[in-house]
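First the structure, in the form of structure tokens, and then the observations on it.
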Amino acid sequence: MHEKTFRKACADSGLNPFLCEIANLREHCSWVHEDIVEGTKKAIDLVRIAVERVKRNVPLSPIQVPVTKKALVIGGGISGIQASLDIANAGFDVVLVEKQPSIGGHMSQLSETFPTLDCSQCILTPRMVEVYQHPRIKLLTYSEVENVEGFIGNFKVTIRKKARSIDESKCTGCGLCVQKCPIKKKAYNEFEEGLAFRPAVYVPFPQAVPNIPVIDRTVCTYYQTGKCQMCVKVCGREAIKFDQEDTLITEDIGAIVVATGYKLYTIDKKPDAQEIKGYGEYGYGKYKDVVDGLQFERIASASGPTSGEILRPSDNSVPKKIVFIQCVGSRDESKGFSYCSKICCMYTAKHAMLYKHKVHDGEAYVFYMDIRAGGKGYDEFVRRAIEEDNVKYIRGRVSRIYEENGKYIVKGEDTIAGMPVVIDADMVVLATAITAQPDAVKLAQTVGMSYDKYGFYNEVHPKLRPVEVSTAGVFLAGACQAPKDIPESVAMASAAASKSLVLFGSDLLEREPTVAKVNESICAGCFYCQKVCAYNAIERKEIKDRQGNVVKVIASVNSGLCQGCGTCNAVCPSKSVELVGFNDEQIYAQINALG
Amino acid sequence: MNELRQLAKELLGNGTVKVIIGYSEGTTPERAKPFIARTEEDAGKLIFNKYCVNNLAVYLTRKEFKRKGTIGIVAKGCDVKAIVQLIQENQVIKDDVYIIGMNCGGVVSGFGVDDTAVKCNNCKVKTPHLYHTLLGAPVETPAKDDGHLKLIQKLDAMTAEEKWSFWEAEFEKCVKCYACRQACPLCYCEKCIADKSMPRWIESSAHTRGNFAWNIIRAFHLSGRCVGCGECERACPAEIPLSLINRKMGMVAKKEFDYSAGMALDAPTLVGNYDTADREDFIK
């Protein structure tokens, strides 16, 4: 941390800053040792070895690399949308990559938003259209980031644009193919969280951006039997392209904003990769009227399968008694995840409130562990649910849900009253935990981000650098970092955008000159260095004789990519690659200084 | 023998290979020696029998042969392992080598002796696993008691101090002639770390410290790479049991990573390959 200060002091006094060496007595000695006498001896040794090292330092000058002023935003939910718009509005190009056929993310599925109860789609869709129409935003939906190479300011990104089986340049979004598709009940509608079906050719939801359908090849009759082609017949624009293939697009990118969001914890199945015991006793997946938070959002949404009426999925009747259970999977190390999913207290209060607003004579119960309503107007919102809308809050956990005479018997405990509670509910809503996206780890490895044991991406510093990851030039936005609500996600997205803009503010980046260098005369070209290099900084270089014949192929360091970690040096059997400013002679002298 | 000479003659005659690295008779019939056949006439001097102990793969990385066109090589299974490893490590271009694979029933342990080498006792590649032409009939030999394994088990059972004194006594004999390095097909560095003087990591005098440094560095550089041809031990004039070290390292690689060096061309090398499924529990 303080190296910069002292290097600058050297530079100010006319000395090459890389001739400055620090014996780190604070972290490496005084803070970690209690024995003062031994600690002092060690401090003397540390100074001695620093002296040996500095004797062998050579003047170096920073490496300058250009900056590509174009950002990649991964994920087209509200965070990705916000980050894209901020960067684009500042005058820089943005490539927005979304895995699904439409941008919008989870926010587009929500009915109303807390704490103001304004309609989610009404505030989101104008932003989605703005992204679509923005001249500086290149929108790639139904696409995934396949590969990321390079480094800050100079990433080379490969994006796989999956085959929609629709020619986007011809499709007008008239929707005839969707209407006429004979496959009606084969595929669950993902947007409706499985509460409805969708055709084989579909647009995720009416307000989708772009309004271009996708053919689901796993259910489309043409791909199964080679027949049908109804969509081809009705399409007046010849936009259906059954033989369309995935295309790979490469982009030169300067900064990357990762905004891949979250996934709700599916409790009916135990995820393979995680040691989750699950909540089988709640009957999710078994009872149709035991739904999760996102399913209830769809049920409560005016654009949802029930047109906003609160109806049970099993028989379309109005539930007169509804139970909400919070912390299903959250804050439960033995059965779920140890973290708090943060938004469930608020959305459960919202759900209960929406229910009471629509079913005036209904009873709503909420089982909670604690109410966590930190945020502007949040606690007032929960109080409103309890006091104005008469939602009954019960502090305690539910042990079991089972069906009896058409009712769902919810057995729980009221820990304040200290007695068991049994509620014969018509419907149960589980506030299941927010989890990382199932492919979060894969993306982390592609982009070069560290992640916690749950798959959420790690920021560099939890307080002072909350949107940066350890790979320079990559920034985080939204729930891919940790569970977050909309205002926080939007704020974080703007922060990530501003970090990208800081980068785009300069034409050249200065990089540390302490990179690896190959001694070409003795490199045998085994390329173990290439295998271990985490930054793809080792390239192959051909050495030719005067006739142009290749005499040997050796390793060569791309100093723009090299981070100076020294792994190549460690693995090189003949020590033909060394770190500038950290070479073997210096290390040897340092060791010898210890006597 | 005749089929080898015939094939060599053809390969040299039609220009498939520039030279063939093989064996010819030495000063006595029990002393086969490495031989470079350059002409069709030379092909008639090639031999193959149990006295052909050398691992000729060591020549493939020599300046005289490297990147000088297709080289033919007479190779036993253990030699082929070395060739595979060399290809994996970019030292030999796959298309630049023509492997005349020899079915082998084991070789002798050294020049002028008649006992079978220990490495042959439990050989898994009596028929080479990679070749362009395979010669000779497959040889079935009964699996024999593995002499090395017993010694390794004995060493494993020792305390650290006992091990140290065992190897101290062995390494004391080392004169740092580097014959082990020269005989090893996988010691191909252009400048060995032992020859570096700035800084001098390995003391050049025959002192215990330098002897240990050399032998430990050699062991580390070969771990996960050694194919077990045993040439280092055979070349050692001080009779240091180097195979024990190599074999032990190989056993660790097999146990921890299920890896055997020199077996598959497309396999990633052990060192330098990172797999998220790698075991980590041995890191303490």
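Residues are referred to by chain and number: the chain letter is A, B, ... according to the order shown in the structure tokens, the number counts from 1 in that chain, and ligands are numbered separately from 1 in the order shown.
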
#### Entry: Near-range 213-216 of chain B list (10 Å; only C-alpha atoms; drop same-chain fewer than 6 positions) as JSON, numbers by chain
{"B": [167, 171, 174, 176, 178, 180, 193, 194, 201, 202, 203, 204, 207, 222, 242, 245]}

Write the selection just made, keeping C-alpha atoms, as a CSV table (one decimal), in the first residue's frame?
chain,number,residue,atom,x,y,z
B,167,TRP,CA,20.8,-40.8,1.4
B,171,PHE,CA,25.0,-39.0,-2.1
B,174,CYS,CA,28.4,-38.5,-6.0
B,176,LYS,CA,28.9,-34.7,-9.9
B,178,TYR,CA,26.5,-35.5,-14.3
B,180,CYS,CA,22.9,-39.2,-14.9
B,193,ILE,CA,20.7,-25.1,-13.7
B,194,ALA,CA,23.7,-27.0,-12.3
B,201,TRP,CA,22.5,-22.6,-7.0
B,202,ILE,CA,24.4,-25.9,-6.8
B,203,GLU,CA,27.9,-26.0,-5.4
B,204,SER,CA,30.3,-27.5,-7.9
B,207,HIS,CA,30.6,-31.5,-0.9
B,222,LEU,CA,11.9,-35.3,-13.1
B,242,LEU,CA,18.7,-43.1,-8.4
B,245,ILE,CA,14.0,-41.7,-6.1

### Task
Just need the residues of chain B within 10 Å of chain A, counting only C-alpha atoms, so spit them out as a ChimeraX atom specification.
/B:61,63,66-68,86-91,187-201,217-218,220-222,268-269,271-274

### Message
Please list as a list in words every residue within 7 Å of Ala300 in chain A, counting only C-alpha atoms and excluding residues in the same chain fewer than 2 positions away.
### Response
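That gives Ser111, Phe296, Glu297, Arg298, Ala302, Gly308, Glu309 and Ile310 of chain A.
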
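Close contacts of Asn103 in chain B, defined as residues with an atom at most 6 Å away when counting only C-alpha atoms, with chain neighbours fewer than 2 positions off set aside, comprise Lys126, Thr127, Gly136 and Pro138 of chain B.
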
File of the preceding selection, C-alpha atoms, as a PDB file, in the first residue's frame:
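As written to disk, again04.pdb reads:
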ATOM      1  CA  LYS B 126       6.948 -54.996 -23.607  1.00  0.00           C
ATOM      2  CA  THR B 127       5.055 -54.163 -26.759  1.00  0.00           C
ATOM      3  CA  GLY B 136       9.664 -58.816 -33.372  1.00  0.00           C
ATOM      4  CA  PRO B 138       5.500 -60.220 -28.485  1.00  0.00           C
TER       5      PRO B 138
END

Could you tell me, as a PDB file with N, CA and C atoms, in the first residue's frame, which residues of range 122-161 of chain A DSSP assigns to strand (DSSP E) when given the backbone?
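Saved result, part-v1.pdb, follows:
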ATOM      1  N   ILE A 137     -25.076   1.312 -27.769  1.00  0.00           N
ATOM      2  CA  ILE A 137     -25.180  -0.009 -27.145  1.00  0.00           C
ATOM      3  C   ILE A 137     -25.431  -1.068 -28.200  1.00  0.00           C
ATOM      4  N   LYS A 138     -24.553  -2.053 -28.222  1.00  0.00           N
ATOM      5  CA  LYS A 138     -24.744  -3.199 -29.107  1.00  0.00           C
ATOM      6  C   LYS A 138     -25.350  -4.301 -28.238  1.00  0.00           C
ATOM      7  N   LEU A 139     -26.593  -4.655 -28.510  1.00  0.00           N
ATOM      8  CA  LEU A 139     -27.304  -5.607 -27.669  1.00  0.00           C
ATOM      9  C   LEU A 139     -27.227  -7.014 -28.270  1.00  0.00           C
ATOM     10  N   LEU A 140     -26.697  -7.939 -27.510  1.00  0.00           N
ATOM     11  CA  LEU A 140     -26.612  -9.331 -27.960  1.00  0.00           C
ATOM     12  C   LEU A 140     -27.412 -10.195 -26.997  1.00  0.00           C
ATOM     13  N   SER A 143     -27.230 -14.834 -25.985  1.00  0.00           N
ATOM     14  CA  SER A 143     -25.791 -14.951 -26.237  1.00  0.00           C
ATOM     15  C   SER A 143     -25.070 -15.179 -24.921  1.00  0.00           C
ATOM     16  N   GLU A 144     -23.916 -15.803 -25.018  1.00  0.00           N
ATOM     17  CA  GLU A 144     -23.139 -16.024 -23.805  1.00  0.00           C
ATOM     18  C   GLU A 144     -21.668 -15.752 -24.048  1.00  0.00           C
ATOM     19  N   VAL A 145     -21.011 -15.274 -22.996  1.00  0.00           N
ATOM     20  CA  VAL A 145     -19.576 -15.018 -23.109  1.00  0.00           C
ATOM     21  C   VAL A 145     -18.855 -16.357 -23.057  1.00  0.00           C
ATOM     22  N   GLU A 146     -18.089 -16.609 -24.085  1.00  0.00           N
ATOM     23  CA  GLU A 146     -17.444 -17.913 -24.206  1.00  0.00           C
ATOM     24  C   GLU A 146     -16.001 -17.863 -23.707  1.00  0.00           C
ATOM     25  N   ASN A 147     -15.343 -16.779 -24.018  1.00  0.00           N
ATOM     26  CA  ASN A 147     -13.928 -16.721 -23.662  1.00  0.00           C
ATOM     27  C   ASN A 147     -13.486 -15.271 -23.452  1.00  0.00           C
ATOM     28  N   VAL A 148     -12.624 -15.074 -22.486  1.00  0.00           N
ATOM     29  CA  VAL A 148     -12.062 -13.746 -22.247  1.00  0.00           C
ATOM     30  C   VAL A 148     -10.551 -13.886 -22.184  1.00  0.00           C
ATOM     31  N   GLU A 149      -9.874 -13.136 -23.031  1.00  0.00           N
ATOM     32  CA  GLU A 149      -8.416 -13.129 -22.991  1.00  0.00           C
ATOM     33  C   GLU A 149      -7.971 -11.699 -22.770  1.00  0.00           C
ATOM     34  N   GLY A 150      -6.695 -11.530 -22.467  1.00  0.00           N
ATOM     35  CA  GLY A 150      -6.160 -10.191 -22.356  1.00  0.00           C
ATOM     36  C   GLY A 150      -6.231  -9.638 -20.951  1.00  0.00           C
ATOM     37  N   PHE A 151      -6.198  -8.338 -20.860  1.00  0.00           N
ATOM     38  CA  PHE A 151      -6.052  -7.695 -19.553  1.00  0.00           C
ATOM     39  C   PHE A 151      -6.720  -6.335 -19.597  1.00  0.00           C
ATOM     40  N   ASN A 154      -7.542  -4.023 -22.504  1.00  0.00           N
ATOM     41  CA  ASN A 154      -7.235  -4.764 -23.733  1.00  0.00           C
ATOM     42  C   ASN A 154      -7.747  -6.199 -23.698  1.00  0.00           C
ATOM     43  N   PHE A 155      -9.003  -6.355 -23.334  1.00  0.00           N
ATOM     44  CA  PHE A 155      -9.569  -7.703 -23.336  1.00  0.00           C
ATOM     45  C   PHE A 155      -9.989  -8.069 -24.765  1.00  0.00           C
ATOM     46  N   LYS A 156      -9.887  -9.347 -25.033  1.00  0.00           N
ATOM     47  CA  LYS A 156     -10.447  -9.858 -26.289  1.00  0.00           C
ATOM     48  C   LYS A 156     -11.511 -10.878 -25.862  1.00  0.00           C
ATOM     49  N   VAL A 157     -12.758 -10.555 -26.185  1.00  0.00           N
ATOM     50  CA  VAL A 157     -13.869 -11.360 -25.680  1.00  0.00           C
ATOM     51  C   VAL A 157     -14.546 -12.092 -26.832  1.00  0.00           C
ATOM     52  N   THR A 158     -14.771 -13.380 -26.623  1.00  0.00           N
ATOM     53  CA  THR A 158     -15.513 -14.157 -27.619  1.00  0.00           C
ATOM     54  C   THR A 158     -16.912 -14.409 -27.072  1.00  0.00           C
ATOM     55  N   ILE A 159     -17.901 -14.070 -27.873  1.00  0.00           N
ATOM     56  CA  ILE A 159     -19.295 -14.213 -27.441  1.00  0.00           C
ATOM     57  C   ILE A 159     -19.998 -15.201 -28.382  1.00  0.00           C
ATOM     58  N   ARG A 160     -20.670 -16.161 -27.775  1.00  0.00           N
ATOM     59  CA  ARG A 160     -21.434 -17.109 -28.592  1.00  0.00           C
ATOM     60  C   ARG A 160     -22.868 -16.613 -28.717  1.00  0.00           C
ATOM     61  N   LYS A 161     -23.249 -16.291 -29.943  1.00  0.00           N
ATOM     62  CA  LYS A 161     -24.629 -15.886 -30.202  1.00  0.00           C
ATOM     63  C   LYS A 161     -25.371 -17.144 -30.607  1.00  0.00           C
TER      64      LYS A 161
END

### Message
Show me, as a ChimeraX atom specification, the residues that have an atom within 8 Å of Arg164 in chain A when counting only C-alpha atoms, minus same-chain residues fewer than 5 positions from it.
### Response
/A:142,213-215,244

### Query
When you draw a straight line from CA of Phe456 in chain A to CA of Tyr262 in chain A, how long is it in Å?
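The value is 8.8 Å.
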
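For the pair CA of Asp414 in chain A and CA of Pro483 in chain A, the interatomic distance is 27.5 Å.
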
### Task
Name the residues in contact with Lys320 in chain A at a cut-off of 9 Å, using only C-alpha atoms, excluding same-chain residues fewer than 2 positions from it; report them as a list in words.
Val318, Ile322, Val359, Asp361, Gly362, Glu363, Ala364, Ala425, Asp426 and Met427 of chain A

What does the file look like for those residues with C-alpha atoms, as a compact mmCIF listing (two decimals), in the first residue's frame?
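File produced: selection-v1.txt:
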# COMPACT_ATOMS: atom_id res chain seq x y z
CA VAL A 318 -59.16 -17.80 -4.40
CA ILE A 322 -52.37 -17.96 2.91
CA VAL A 359 -58.50 -10.69 -1.20
CA ASP A 361 -61.57 -11.20 3.50
CA GLY A 362 -58.44 -13.38 3.32
CA GLU A 363 -56.10 -14.12 6.17
CA ALA A 364 -52.34 -13.80 5.65
CA ALA A 425 -53.91 -22.86 4.71
CA ASP A 426 -55.17 -22.77 1.15
CA MET A 427 -51.86 -21.72 -0.24
